[in-house]
>>> print(open('final28.cif').read())   # mmCIF, C-alpha atoms
data_target
#
loop_
_atom_site.group_PDB
_atom_site.id
_atom_site.type_symbol
_atom_site.label_atom_id
_atom_site.label_comp_id
_atom_site.auth_asym_id
_atom_site.auth_seq_id
_atom_site.Cartn_x
_atom_site.Cartn_y
_atom_site.Cartn_z
ATOM 1 C CA MET A 1 -29.695 33.413 129.948
ATOM 2 C CA GLY A 2 -32.574 35.854 130.259
ATOM 3 C CA TRP A 3 -32.511 39.380 128.886
ATOM 4 C CA VAL A 4 -32.640 41.426 132.091
ATOM 5 C CA SER A 5 -29.258 40.325 133.418
ATOM 6 C CA SER A 6 -26.412 37.896 132.900
ATOM 7 C CA GLY A 7 -28.196 35.445 135.203
ATOM 8 C CA ASP A 8 -29.473 32.254 133.609
ATOM 9 C CA ASP A 9 -32.001 31.304 136.288
ATOM 10 C CA ARG A 10 -34.210 32.910 138.910
ATOM 11 C CA ASP A 11 -31.674 32.939 141.721
ATOM 12 C CA SER A 12 -28.828 34.387 139.693
ATOM 13 C CA THR A 13 -31.130 37.018 138.202
ATOM 14 C CA ILE A 14 -32.446 38.143 141.572
ATOM 15 C CA GLY A 15 -28.857 37.932 142.794
ATOM 16 C CA GLU A 16 -28.109 41.070 140.756
ATOM 17 C CA ILE A 17 -29.200 42.911 143.913
ATOM 18 C CA ALA A 18 -27.798 41.085 146.914
ATOM 19 C CA GLU A 19 -29.713 43.245 149.413
ATOM 20 C CA LEU A 20 -32.981 42.066 147.856
ATOM 21 C CA ALA A 21 -31.948 38.501 147.122
ATOM 22 C CA ALA A 22 -31.347 37.604 150.765
ATOM 23 C CA PRO A 23 -34.728 38.650 152.198
ATOM 24 C CA PHE A 24 -36.526 37.189 149.213
ATOM 25 C CA ALA A 25 -34.758 33.851 149.664
ATOM 26 C CA ALA A 26 -35.600 33.861 153.377
ATOM 27 C CA LEU A 27 -39.295 34.518 152.713
ATOM 28 C CA TYR A 28 -39.435 31.930 149.950
ATOM 29 C CA ALA A 29 -37.779 29.300 152.146
ATOM 30 C CA SER A 30 -40.204 30.006 154.983
ATOM 31 C CA LEU A 31 -43.134 28.947 152.803
ATOM 32 C CA TRP A 32 -41.859 25.373 152.742
ATOM 33 C CA THR A 33 -41.268 25.017 156.470
ATOM 34 C CA GLN A 34 -44.355 26.654 157.978
ATOM 35 C CA ARG A 35 -46.949 24.484 159.773
ATOM 36 C CA HIS A 36 -50.228 25.756 158.357
ATOM 37 C CA VAL A 37 -50.413 24.137 154.923
ATOM 38 C CA PRO A 38 -48.385 21.015 154.089
ATOM 39 C CA ALA A 39 -45.497 21.747 151.747
ATOM 40 C CA ASP A 40 -46.522 19.012 149.318
ATOM 41 C CA ILE A 41 -49.893 20.721 148.824
ATOM 42 C CA LEU A 42 -48.154 24.034 148.180
ATOM 43 C CA GLU A 43 -45.986 22.250 145.624
ATOM 44 C CA LEU A 44 -49.079 20.930 143.847
ATOM 45 C CA CYS A 45 -50.475 24.476 143.800
ATOM 46 C CA ARG A 46 -47.159 25.838 142.504
ATOM 47 C CA LEU A 47 -47.076 23.288 139.694
ATOM 48 C CA ARG A 48 -50.718 23.958 138.823
ATOM 49 C CA LEU A 49 -49.915 27.670 138.536
ATOM 50 C CA ALA A 50 -47.030 26.770 136.229
ATOM 51 C CA GLN A 51 -49.364 24.639 134.097
ATOM 52 C CA LEU A 52 -51.922 27.424 133.847
ATOM 53 C CA HIS A 53 -49.229 29.945 132.916
ATOM 54 C CA GLN A 54 -47.584 27.403 130.571
ATOM 55 C CA CYS A 55 -44.245 28.090 132.201
ATOM 56 C CA ALA A 56 -41.715 25.365 131.355
ATOM 57 C CA VAL A 57 -39.081 26.658 133.788
ATOM 58 C CA GLU A 58 -41.428 26.476 136.760
ATOM 59 C CA LEU A 59 -42.753 23.070 135.680
ATOM 60 C CA GLN A 60 -39.193 21.826 135.671
ATOM 61 C CA ARG A 61 -38.460 23.213 139.116
ATOM 62 C CA GLN A 62 -39.036 20.898 142.057
ATOM 63 C CA GLU A 63 -39.366 22.320 145.573
ATOM 64 C CA ILE A 64 -40.825 19.216 147.223
ATOM 65 C CA GLY A 65 -41.005 15.690 145.909
ATOM 66 C CA ILE A 66 -44.555 14.562 145.180
ATOM 67 C CA PRO A 67 -45.749 11.171 143.940
ATOM 68 C CA ALA A 68 -45.338 10.776 140.177
ATOM 69 C CA LYS A 69 -48.984 9.766 139.793
ATOM 70 C CA LYS A 70 -50.116 13.066 141.287
ATOM 71 C CA SER A 71 -47.842 15.175 139.129
ATOM 72 C CA GLU A 72 -48.928 13.266 136.025
ATOM 73 C CA ARG A 73 -52.616 13.742 136.815
ATOM 74 C CA LEU A 74 -52.437 17.269 138.159
ATOM 75 C CA ALA A 75 -54.176 18.897 135.204
ATOM 76 C CA GLN A 76 -57.142 16.590 135.793
ATOM 77 C CA TRP A 77 -57.201 16.949 139.592
ATOM 78 C CA ASP A 78 -60.884 17.842 139.588
ATOM 79 C CA ALA A 79 -61.886 14.434 138.267
ATOM 80 C CA ASP A 80 -59.261 12.239 139.873
ATOM 81 C CA PRO A 81 -59.851 10.610 143.301
ATOM 82 C CA ILE A 82 -56.105 10.362 143.894
ATOM 83 C CA PHE A 83 -56.287 13.960 145.166
ATOM 84 C CA SER A 84 -57.472 14.391 148.747
ATOM 85 C CA PRO A 85 -60.290 16.784 149.745
ATOM 86 C CA ALA A 86 -57.699 19.184 151.218
ATOM 87 C CA GLU A 87 -55.639 19.127 148.034
ATOM 88 C CA ARG A 88 -58.746 19.672 145.937
ATOM 89 C CA ALA A 89 -59.830 22.659 148.032
ATOM 90 C CA CYS A 90 -56.406 24.291 147.617
ATOM 91 C CA LEU A 91 -56.186 23.490 143.908
ATOM 92 C CA ALA A 92 -59.667 24.884 143.287
ATOM 93 C CA PHE A 93 -58.655 28.069 145.100
ATOM 94 C CA THR A 94 -55.405 28.217 143.120
ATOM 95 C CA GLU A 95 -57.120 27.932 139.761
ATOM 96 C CA VAL A 96 -59.539 30.774 140.400
ATOM 97 C CA TYR A 97 -56.747 32.832 141.969
ATOM 98 C CA ALA A 98 -54.663 32.425 138.820
ATOM 99 C CA MET A 99 -57.443 33.236 136.391
ATOM 100 C CA ASP A 100 -59.238 36.052 138.216
ATOM 101 C CA THR A 101 -58.524 36.767 141.861
ATOM 102 C CA GLN A 102 -61.647 38.915 142.057
ATOM 103 C CA ALA A 103 -63.721 35.839 141.219
ATOM 104 C CA LEU A 104 -62.774 33.994 144.408
ATOM 105 C CA THR A 105 -65.826 33.379 146.563
ATOM 106 C CA ASP A 106 -66.432 32.819 150.251
ATOM 107 C CA GLN A 107 -67.079 29.186 149.333
ATOM 108 C CA HIS A 108 -63.582 28.801 147.873
ATOM 109 C CA ALA A 109 -62.127 30.286 151.049
ATOM 110 C CA ASP A 110 -64.342 28.244 153.365
ATOM 111 C CA ALA A 111 -63.341 25.035 151.588
ATOM 112 C CA VAL A 112 -59.688 25.734 152.407
ATOM 113 C CA LYS A 113 -60.469 26.812 155.973
ATOM 114 C CA ILE A 114 -62.291 23.553 156.691
ATOM 115 C CA HIS A 115 -58.920 21.838 156.426
ATOM 116 C CA PHE A 116 -56.421 24.496 157.464
ATOM 117 C CA GLY A 117 -58.270 27.229 159.343
ATOM 118 C CA ASP A 118 -57.935 31.003 158.918
ATOM 119 C CA ALA A 119 -54.159 30.854 159.208
ATOM 120 C CA GLY A 120 -53.982 28.198 156.496
ATOM 121 C CA LEU A 121 -56.022 30.374 154.153
ATOM 122 C CA VAL A 122 -53.731 33.335 154.832
ATOM 123 C CA LEU A 123 -50.643 31.221 154.234
ATOM 124 C CA LEU A 124 -52.107 29.881 150.990
ATOM 125 C CA VAL A 125 -52.853 33.322 149.548
ATOM 126 C CA GLU A 126 -49.487 34.620 150.700
ATOM 127 C CA ALA A 127 -47.760 31.679 149.032
ATOM 128 C CA LEU A 128 -49.806 31.971 145.846
ATOM 129 C CA GLY A 129 -48.806 35.627 145.593
ATOM 130 C CA ILE A 130 -45.136 34.739 145.706
ATOM 131 C CA LEU A 131 -45.397 31.650 143.501
ATOM 132 C CA ASP A 132 -47.572 33.384 140.917
ATOM 133 C CA GLY A 133 -45.169 36.332 140.902
ATOM 134 C CA MET A 134 -42.139 34.117 140.349
ATOM 135 C CA THR A 135 -43.891 32.230 137.568
ATOM 136 C CA ARG A 136 -44.763 35.475 135.818
ATOM 137 C CA LEU A 137 -41.178 36.699 136.194
ATOM 138 C CA SER A 138 -39.753 33.476 134.765
ATOM 139 C CA LEU A 139 -41.902 34.092 131.683
ATOM 140 C CA LEU A 140 -41.218 37.821 131.497
ATOM 141 C CA TRP A 141 -37.467 37.302 131.947
ATOM 142 C CA GLN A 142 -37.637 34.621 129.229
ATOM 143 C CA LEU A 143 -35.699 32.131 131.312
ATOM 144 C CA ARG A 144 -35.136 28.878 129.464
ATOM 145 C CA ALA A 145 -35.945 25.394 130.708
ATOM 146 C CA ASN A 146 -33.171 22.819 130.716
ATOM 147 C CA ALA A 147 -33.753 20.635 127.689
ATOM 148 C CA ASP A 148 -32.161 17.637 129.391
ATOM 149 C CA GLN A 149 -34.304 17.762 132.511
ATOM 150 C CA PRO A 150 -37.879 16.381 132.740
ATOM 151 C CA HIS A 151 -40.742 18.437 134.114
ATOM 152 C CA ALA A 152 -41.672 17.910 137.748
ATOM 153 C CA SER A 153 -45.233 17.949 136.444
ATOM 154 C CA GLY A 154 -46.071 15.303 133.874
ATOM 155 C CA GLU A 155 -48.060 17.653 131.652
ATOM 156 C CA SER A 156 -46.327 18.753 128.496
ATOM 157 C CA LEU A 157 -46.770 22.314 127.329
ATOM 158 C CA MET B 1 -65.429 40.979 145.751
ATOM 159 C CA THR B 2 -66.754 40.424 149.235
ATOM 160 C CA GLY B 3 -67.355 42.762 152.133
ATOM 161 C CA ARG B 4 -66.879 39.967 154.642
ATOM 162 C CA PRO B 5 -63.313 39.284 155.783
ATOM 163 C CA ARG B 6 -62.437 35.663 155.062
ATOM 164 C CA ALA B 7 -59.774 35.499 157.762
ATOM 165 C CA THR B 8 -59.562 37.461 160.982
ATOM 166 C CA ASN B 9 -56.582 38.218 163.188
ATOM 167 C CA THR B 10 -57.849 38.182 166.779
ATOM 168 C CA ASN B 11 -54.417 38.664 168.321
ATOM 169 C CA LYS B 12 -53.779 41.688 170.545
ATOM 170 C CA PRO B 13 -53.244 44.753 168.294
ATOM 171 C CA THR B 14 -49.662 45.947 167.928
ATOM 172 C CA GLY B 15 -50.272 49.228 166.100
ATOM 173 C CA ASN B 16 -48.419 47.910 163.054
ATOM 174 C CA MET B 17 -50.774 47.750 160.064
ATOM 175 C CA ILE B 18 -49.287 44.576 158.601
ATOM 176 C CA ARG B 19 -48.813 42.714 161.885
ATOM 177 C CA ASP B 20 -52.409 43.517 162.848
ATOM 178 C CA SER B 21 -53.773 42.360 159.503
ATOM 179 C CA ALA B 22 -54.638 38.744 158.693
ATOM 180 C CA LEU B 23 -50.991 38.254 157.740
ATOM 181 C CA GLY B 24 -50.293 38.299 161.475
ATOM 182 C CA LEU B 25 -51.905 34.867 161.691
ATOM 183 C CA VAL B 26 -48.810 33.343 160.100
ATOM 184 C CA PRO B 27 -45.862 34.374 162.259
ATOM 185 C CA GLU B 28 -43.567 31.928 160.453
ATOM 186 C CA THR B 29 -43.562 34.144 157.367
ATOM 187 C CA LEU B 30 -44.501 37.551 158.797
ATOM 188 C CA ASP B 31 -41.061 38.872 159.723
ATOM 189 C CA TYR B 32 -39.603 37.712 156.408
ATOM 190 C CA TYR B 33 -42.485 39.340 154.566
ATOM 191 C CA MET B 34 -42.001 42.627 156.365
ATOM 192 C CA ALA B 35 -38.256 42.541 155.844
ATOM 193 C CA LEU B 36 -38.692 42.060 152.113
ATOM 194 C CA ASN B 37 -41.272 44.843 151.992
ATOM 195 C CA ARG B 38 -38.872 47.269 153.661
ATOM 196 C CA THR B 39 -35.992 46.207 151.450
ATOM 197 C CA VAL B 40 -38.009 46.642 148.259
ATOM 198 C CA TRP B 41 -38.501 50.306 149.226
ATOM 199 C CA GLU B 42 -35.081 51.003 150.666
ATOM 200 C CA CYS B 43 -32.646 49.050 148.481
ATOM 201 C CA GLY B 44 -32.192 49.012 144.746
ATOM 202 C CA PRO B 45 -31.749 51.711 142.119
ATOM 203 C CA LEU B 46 -35.380 52.733 141.552
ATOM 204 C CA THR B 47 -36.509 55.870 143.369
ATOM 205 C CA PRO B 48 -39.478 55.765 145.775
ATOM 206 C CA ALA B 49 -41.578 57.718 143.262
ATOM 207 C CA GLU B 50 -40.792 55.157 140.563
ATOM 208 C CA ILE B 51 -41.659 52.283 142.893
ATOM 209 C CA GLU B 52 -44.938 53.991 143.760
ATOM 210 C CA ILE B 53 -45.868 54.361 140.089
ATOM 211 C CA ALA B 54 -45.441 50.605 139.581
ATOM 212 C CA ARG B 55 -47.264 49.825 142.838
ATOM 213 C CA LEU B 56 -50.250 52.020 141.981
ATOM 214 C CA ARG B 57 -50.474 50.698 138.438
ATOM 215 C CA ASN B 58 -50.592 47.177 139.859
ATOM 216 C CA ALA B 59 -53.177 48.190 142.480
ATOM 217 C CA ARG B 60 -55.389 49.659 139.787
ATOM 218 C CA THR B 61 -55.212 46.539 137.598
ATOM 219 C CA VAL B 62 -55.684 44.022 140.396
ATOM 220 C CA ASN B 63 -58.356 46.354 141.805
ATOM 221 C CA CYS B 64 -57.175 46.276 145.388
ATOM 222 C CA VAL B 65 -59.109 49.135 147.004
ATOM 223 C CA PHE B 66 -56.766 49.224 149.997
ATOM 224 C CA CYS B 67 -53.649 49.427 147.800
ATOM 225 C CA LYS B 68 -55.202 52.069 145.549
ATOM 226 C CA SER B 69 -56.017 54.284 148.520
ATOM 227 C CA VAL B 70 -52.520 54.277 150.020
ATOM 228 C CA ARG B 71 -49.818 56.835 149.232
ATOM 229 C CA TYR B 72 -46.392 56.215 150.725
ATOM 230 C CA ASP B 73 -44.868 59.302 152.276
ATOM 231 C CA ILE B 74 -41.404 58.587 150.903
ATOM 232 C CA ALA B 75 -42.782 58.580 147.349
ATOM 233 C CA LYS B 76 -44.552 61.875 147.965
ATOM 234 C CA ALA B 77 -41.344 63.326 149.396
ATOM 235 C CA ASP B 78 -39.601 62.062 146.265
ATOM 236 C CA GLY B 79 -41.916 64.197 144.150
ATOM 237 C CA LEU B 80 -44.838 61.947 143.257
ATOM 238 C CA SER B 81 -47.822 64.288 143.102
ATOM 239 C CA GLU B 82 -51.521 63.428 142.734
ATOM 240 C CA ASP B 83 -51.380 65.042 139.301
ATOM 241 C CA LYS B 84 -48.815 62.443 138.312
ATOM 242 C CA VAL B 85 -50.773 59.623 139.943
ATOM 243 C CA ALA B 86 -53.773 60.661 137.844
ATOM 244 C CA MET B 87 -51.695 60.009 134.718
ATOM 245 C CA ILE B 88 -51.276 56.308 135.558
ATOM 246 C CA GLN B 89 -54.399 55.501 133.558
ATOM 247 C CA ASP B 90 -55.245 53.601 130.379
ATOM 248 C CA ASP B 91 -54.038 56.482 128.225
ATOM 249 C CA PHE B 92 -50.721 56.857 130.052
ATOM 250 C CA ARG B 93 -48.830 56.701 126.722
ATOM 251 C CA GLU B 94 -50.267 60.106 125.804
ATOM 252 C CA SER B 95 -49.740 61.567 129.276
ATOM 253 C CA ALA B 96 -47.039 63.921 130.562
ATOM 254 C CA LEU B 97 -45.271 61.060 132.353
ATOM 255 C CA SER B 98 -41.603 60.848 131.414
ATOM 256 C CA GLU B 99 -40.525 58.125 128.993
ATOM 257 C CA ARG B 100 -38.905 56.273 131.911
ATOM 258 C CA GLU B 101 -42.131 56.434 133.916
ATOM 259 C CA LYS B 102 -44.132 55.223 130.919
ATOM 260 C CA LEU B 103 -41.784 52.253 130.603
ATOM 261 C CA ILE B 104 -42.341 51.416 134.271
ATOM 262 C CA VAL B 105 -46.087 51.325 133.630
ATOM 263 C CA ALA B 106 -45.605 49.287 130.442
ATOM 264 C CA PHE B 107 -43.411 46.746 132.241
ATOM 265 C CA THR B 108 -45.986 46.445 135.024
ATOM 266 C CA ASP B 109 -48.740 45.874 132.475
ATOM 267 C CA GLN B 110 -46.658 43.214 130.740
ATOM 268 C CA PHE B 111 -46.144 41.348 134.018
ATOM 269 C CA LEU B 112 -49.839 41.533 134.893
ATOM 270 C CA ASN B 113 -51.464 40.960 131.529
ATOM 271 C CA ASP B 114 -49.143 38.950 129.309
ATOM 272 C CA PRO B 115 -45.824 37.970 130.892
ATOM 273 C CA SER B 116 -44.938 35.612 128.038
ATOM 274 C CA GLY B 117 -45.764 38.124 125.324
ATOM 275 C CA LEU B 118 -42.982 40.687 125.675
ATOM 276 C CA THR B 119 -42.256 42.311 122.316
ATOM 277 C CA GLU B 120 -38.751 42.910 121.010
ATOM 278 C CA GLN B 121 -39.573 46.617 120.808
ATOM 279 C CA LEU B 122 -40.532 46.960 124.469
ATOM 280 C CA LYS B 123 -37.553 44.824 125.485
ATOM 281 C CA ALA B 124 -35.217 47.120 123.534
ATOM 282 C CA GLU B 125 -36.764 50.227 125.076
ATOM 283 C CA LEU B 126 -36.402 48.791 128.582
ATOM 284 C CA LEU B 127 -32.783 47.795 128.003
ATOM 285 C CA ALA B 128 -31.994 51.253 126.632
ATOM 286 C CA GLU B 129 -33.453 52.982 129.701
ATOM 287 C CA PHE B 130 -32.705 50.716 132.666
ATOM 288 C CA THR B 131 -29.647 48.954 133.997
ATOM 289 C CA SER B 132 -29.823 45.244 134.796
ATOM 290 C CA GLU B 133 -30.056 46.106 138.476
ATOM 291 C CA ALA B 134 -32.937 48.489 137.866
ATOM 292 C CA LEU B 135 -34.809 45.897 135.788
ATOM 293 C CA VAL B 136 -34.409 43.295 138.527
ATOM 294 C CA HIS B 137 -35.526 45.836 141.119
ATOM 295 C CA LEU B 138 -38.566 46.768 139.035
ATOM 296 C CA SER B 139 -39.367 43.071 138.543
ATOM 297 C CA LEU B 140 -39.307 42.359 142.258
ATOM 298 C CA VAL B 141 -41.282 45.502 143.044
ATOM 299 C CA VAL B 142 -44.055 44.478 140.670
ATOM 300 C CA ALA B 143 -44.067 40.828 141.781
ATOM 301 C CA HIS B 144 -44.082 41.800 145.445
ATOM 302 C CA PHE B 145 -46.920 44.306 145.203
ATOM 303 C CA SER B 146 -48.912 42.083 142.858
ATOM 304 C CA GLY B 147 -48.750 39.324 145.452
ATOM 305 C CA PHE B 148 -49.694 41.735 148.218
ATOM 306 C CA SER B 149 -52.681 43.135 146.299
ATOM 307 C CA ARG B 150 -53.951 39.693 145.327
ATOM 308 C CA CYS B 151 -53.561 38.597 148.934
ATOM 309 C CA ALA B 152 -55.740 41.497 150.104
ATOM 310 C CA VAL B 153 -58.361 40.817 147.438
ATOM 311 C CA SER B 154 -58.394 37.076 148.201
ATOM 312 C CA LEU B 155 -58.943 37.624 151.904
ATOM 313 C CA GLY B 156 -62.056 39.746 151.364
ATOM 314 C CA GLY B 157 -63.318 42.511 153.618
ATOM 315 C CA MET B 158 -62.667 45.011 150.845
ATOM 316 C CA PRO B 159 -64.869 48.129 150.771
ATOM 317 C CA ASP B 160 -65.956 49.525 147.414
ATOM 318 C CA GLU B 161 -64.070 52.743 147.997
ATOM 319 C CA LEU B 162 -61.645 54.350 150.446
ATOM 320 C CA PRO B 163 -60.220 57.871 150.781
ATOM 321 C CA ILE B 164 -56.557 58.446 150.059
ATOM 322 C CA ILE B 165 -54.426 57.733 153.101
ATOM 323 C CA GLU B 166 -50.751 58.654 153.467
ATOM 324 C CA MET B 167 -48.544 56.251 155.358
ATOM 325 C CA SER B 168 -44.947 55.291 156.005
ATOM 326 C CA VAL B 169 -43.384 51.976 155.024
ATOM 327 C CA PRO B 170 -44.253 49.622 157.916
ATOM 328 C CA GLN B 171 -41.215 48.773 160.021
#
>>> encode(input="final28.cif", output="structure tokens")
Amino acid sequence: MGWVSSGDDRDSTIGEIAELAAPFAALYASLWTQRHVPADILELCRLRLAQLHQCAVELQRQEIGIPAKKSERLAQWDADPIFSPAERACLAFTEVYAMDTQALTDQHADAVKIHFGDAGLVLLVEALGILDGMTRLSLLWQLRANADQPHASGESL
Amino acid sequence: MTGRPRATNTNKPTGNMIRDSALGLVPETLDYYMALNRTVWECGPLTPAEIEIARLRNARTVNCVFCKSVRYDIAKADGLSEDKVAMIQDDFRESALSEREKLIVAFTDQFLNDPSGLTEQLKAELLAEFTSEALVHLSLVVAHFSGFSRCAVSLGGMPDELPIIEMSVPQ
């Protein structure tokens, strides 16, 4: 259980305000069904954000199944050929986004657009905003990871 | 920061600021995004002036020039003056903001700067001032506007400065 409410996870905490929970859930769900950036790439980006924020709850969450080898090697994506050029472009963008959004360059954006176009770039930054926000809230709300459940990402904290 | 937009919406203008922005390139999420934006302002226990304080604090930290220049009319009607906006600065603790308003700024800072480093003292102060519903509302307000500001910064085309512009919550 976190400290802001009686909820013990993200959904039950946001559920304190039903009028907000429903539109948030609808927006969040739409990220995983849109056609601009593959959902498995968004999941890699989400897990990388969780690694960078050292957020156990978000590392444990799984939105989309990804190959175990990729999740295990995610922290070393930059040096591992298992990651495709499109995945690498999105992960590079994600890392700079997480550390200092102001430091993103036209080159970071162009690298994503080569694979997914302008709309793909917009979807990526929209998704990162939501995923980064939820990761920060999981930490701020002090939600606890399930001790019996492995991380979706292989990296330990 | 870059002055060149990194994504351009070439669709026919609708007159709606959000639909005509680059976000309009992703119709699959646009309506949901706009619905959440409206709901953040219209539902929940925080007043529009309180929401605006959190939004502007976030805009200042993320350095979104667009977000910093906007003032929502419903917050102004709720009593948020430019004198009060000027207090949302580094020395806000010594300002004439109310204790509740200072806690809103402190919570926003915690989310932006050190979400895993919440102190027991700040937690106790927040729990003494806000209901669970209000804390969840404040959390979603800050997360939503942080994402929006970072989206604007990431997509470029940001001028160095803009005048203050008053607007309504996009419908």
>>> closest_atom_pairs(input="final28.cif", of="chain B", to="chain A", cutoff="8 Å", atoms="all atoms listed in the file", output="CSV")
residue,atom,partner,partner_atom,distance
B:Met1,CA,A:Gln102,CA,5.7
B:Thr2,CA,A:Thr105,CA,7.6
B:Arg6,CA,A:Ala109,CA,6.7
B:Ala7,CA,A:Asp118,CA,5.0
B:Thr8,CA,A:Asp118,CA,7.0
B:Ala22,CA,A:Val122,CA,6.7
B:Leu23,CA,A:Val122,CA,6.3
B:Leu25,CA,A:Ala119,CA,5.2
B:Val26,CA,A:Ala119,CA,6.0
B:Glu28,CA,A:Gln34,CA,5.9
B:Thr29,CA,A:Ser30,CA,5.8
B:Tyr32,CA,A:Leu27,CA,4.9
B:Tyr33,CA,A:Leu27,CA,6.1
B:Ala35,CA,A:Pro23,CA,6.4
B:Leu36,CA,A:Pro23,CA,5.2
B:Thr39,CA,A:Leu20,CA,6.3
B:Val40,CA,A:Leu20,CA,6.8
B:Cys43,CA,A:Glu19,CA,6.6
B:Gly44,CA,A:Ile17,CA,6.8
B:Val62,CA,A:Thr101,CA,7.9
B:Gln110,CA,A:Leu140,CA,7.7
B:Phe111,CA,A:Arg136,CA,6.3
B:Leu112,CA,A:Arg136,CA,8.0
B:Pro115,CA,A:Leu140,CA,4.6
B:Ser116,CA,A:Leu139,CA,5.0
B:Gly117,CA,A:Leu140,CA,7.7
B:Leu118,CA,A:Leu140,CA,6.7
B:Leu127,CA,A:Val4,CA,7.6
B:Ser132,CA,A:Ser5,CA,5.1
B:Glu133,CA,A:Glu16,CA,5.9
B:Leu135,CA,A:Val4,CA,6.2
B:Val136,CA,A:Ile14,CA,6.3
B:His137,CA,A:Ile17,CA,7.5
B:Ser139,CA,A:Leu137,CA,7.0
B:Ala143,CA,A:Gly133,CA,4.7
B:His144,CA,A:Ile130,CA,7.1
B:Ser146,CA,A:Gly129,CA,7.0
B:Gly147,CA,A:Gly129,CA,3.7
B:Phe148,CA,A:Gly129,CA,6.7
B:Arg150,CA,A:Thr101,CA,6.4
B:Cys151,CA,A:Val125,CA,5.4
B:Val153,CA,A:Gln102,CA,6.6
B:Ser154,CA,A:Thr101,CA,6.3
B:Leu155,CA,A:Val122,CA,7.4
>>> write_last_selection(input="final28.cif", atoms="C-alpha atoms", output="PDB file, in the frame of the given file")
ATOM      1  CA  MET B   1     -65.429  40.979 145.751  1.00  0.00           C
ATOM      2  CA  THR B   2     -66.754  40.424 149.235  1.00  0.00           C
ATOM      3  CA  ARG B   6     -62.437  35.663 155.062  1.00  0.00           C
ATOM      4  CA  ALA B   7     -59.774  35.499 157.762  1.00  0.00           C
ATOM      5  CA  THR B   8     -59.562  37.461 160.982  1.00  0.00           C
ATOM      6  CA  ALA B  22     -54.638  38.744 158.693  1.00  0.00           C
ATOM      7  CA  LEU B  23     -50.991  38.254 157.740  1.00  0.00           C
ATOM      8  CA  LEU B  25     -51.905  34.867 161.691  1.00  0.00           C
ATOM      9  CA  VAL B  26     -48.810  33.343 160.100  1.00  0.00           C
ATOM     10  CA  GLU B  28     -43.567  31.928 160.453  1.00  0.00           C
ATOM     11  CA  THR B  29     -43.562  34.144 157.367  1.00  0.00           C
ATOM     12  CA  TYR B  32     -39.603  37.712 156.408  1.00  0.00           C
ATOM     13  CA  TYR B  33     -42.485  39.340 154.566  1.00  0.00           C
ATOM     14  CA  ALA B  35     -38.256  42.541 155.844  1.00  0.00           C
ATOM     15  CA  LEU B  36     -38.692  42.060 152.113  1.00  0.00           C
ATOM     16  CA  THR B  39     -35.992  46.207 151.450  1.00  0.00           C
ATOM     17  CA  VAL B  40     -38.009  46.642 148.259  1.00  0.00           C
ATOM     18  CA  CYS B  43     -32.646  49.050 148.481  1.00  0.00           C
ATOM     19  CA  GLY B  44     -32.192  49.012 144.746  1.00  0.00           C
ATOM     20  CA  VAL B  62     -55.684  44.022 140.396  1.00  0.00           C
ATOM     21  CA  GLN B 110     -46.658  43.214 130.740  1.00  0.00           C
ATOM     22  CA  PHE B 111     -46.144  41.348 134.018  1.00  0.00           C
ATOM     23  CA  LEU B 112     -49.839  41.533 134.893  1.00  0.00           C
ATOM     24  CA  PRO B 115     -45.824  37.970 130.892  1.00  0.00           C
ATOM     25  CA  SER B 116     -44.938  35.612 128.038  1.00  0.00           C
ATOM     26  CA  GLY B 117     -45.764  38.124 125.324  1.00  0.00           C
ATOM     27  CA  LEU B 118     -42.982  40.687 125.675  1.00  0.00           C
ATOM     28  CA  LEU B 127     -32.783  47.795 128.003  1.00  0.00           C
ATOM     29  CA  SER B 132     -29.823  45.244 134.796  1.00  0.00           C
ATOM     30  CA  GLU B 133     -30.056  46.106 138.476  1.00  0.00           C
ATOM     31  CA  LEU B 135     -34.809  45.897 135.788  1.00  0.00           C
ATOM     32  CA  VAL B 136     -34.409  43.295 138.527  1.00  0.00           C
ATOM     33  CA  HIS B 137     -35.526  45.836 141.119  1.00  0.00           C
ATOM     34  CA  SER B 139     -39.367  43.071 138.543  1.00  0.00           C
ATOM     35  CA  ALA B 143     -44.067  40.828 141.781  1.00  0.00           C
ATOM     36  CA  HIS B 144     -44.082  41.800 145.445  1.00  0.00           C
ATOM     37  CA  SER B 146     -48.912  42.083 142.858  1.00  0.00           C
ATOM     38  CA  GLY B 147     -48.750  39.324 145.452  1.00  0.00           C
ATOM     39  CA  PHE B 148     -49.694  41.735 148.218  1.00  0.00           C
ATOM     40  CA  ARG B 150     -53.951  39.693 145.327  1.00  0.00           C
ATOM     41  CA  CYS B 151     -53.561  38.597 148.934  1.00  0.00           C
ATOM     42  CA  VAL B 153     -58.361  40.817 147.438  1.00  0.00           C
ATOM     43  CA  SER B 154     -58.394  37.076 148.201  1.00  0.00           C
ATOM     44  CA  LEU B 155     -58.943  37.624 151.904  1.00  0.00           C
TER      45      LEU B 155
END
>>> atom_distance(input="final28.cif", atom1="atom CA of A:Glu72", atom2="atom CA of A:Pro38")
19.7 Å
>>> residues_around(input="final28.cif", residues="A:Cys45", least_positions_apart="3", cutoff="10 Å", atoms="all atoms listed in the file", output="list in words")
Ala39, Asp40, Ile41, Leu42, Arg48, Leu49, Ala50, Gln51, Leu74, Glu87, Arg88, Cys90, Leu91, Ala92, Phe93, Thr94, Glu95, Leu124, Ala127, Leu128, Leu131 and Asp132 of chain A
>>> residues_around(input="final28.cif", residues="B:Ser21", least_positions_apart="2", cutoff="10 Å", atoms="all atoms listed in the file", output="ChimeraX atom specification")
/B:7-11,13,16-19,23-25,152
>>> resolve_selection(input="final28.cif", expression="the PyMOL selection byres ((chain B and resi 85) around 12)", output="MDAnalysis selection string")
chainID B and resid 49:50 52:57 59:60 68:71 75:76 79:84 86:89 92 95:97 101 105 164
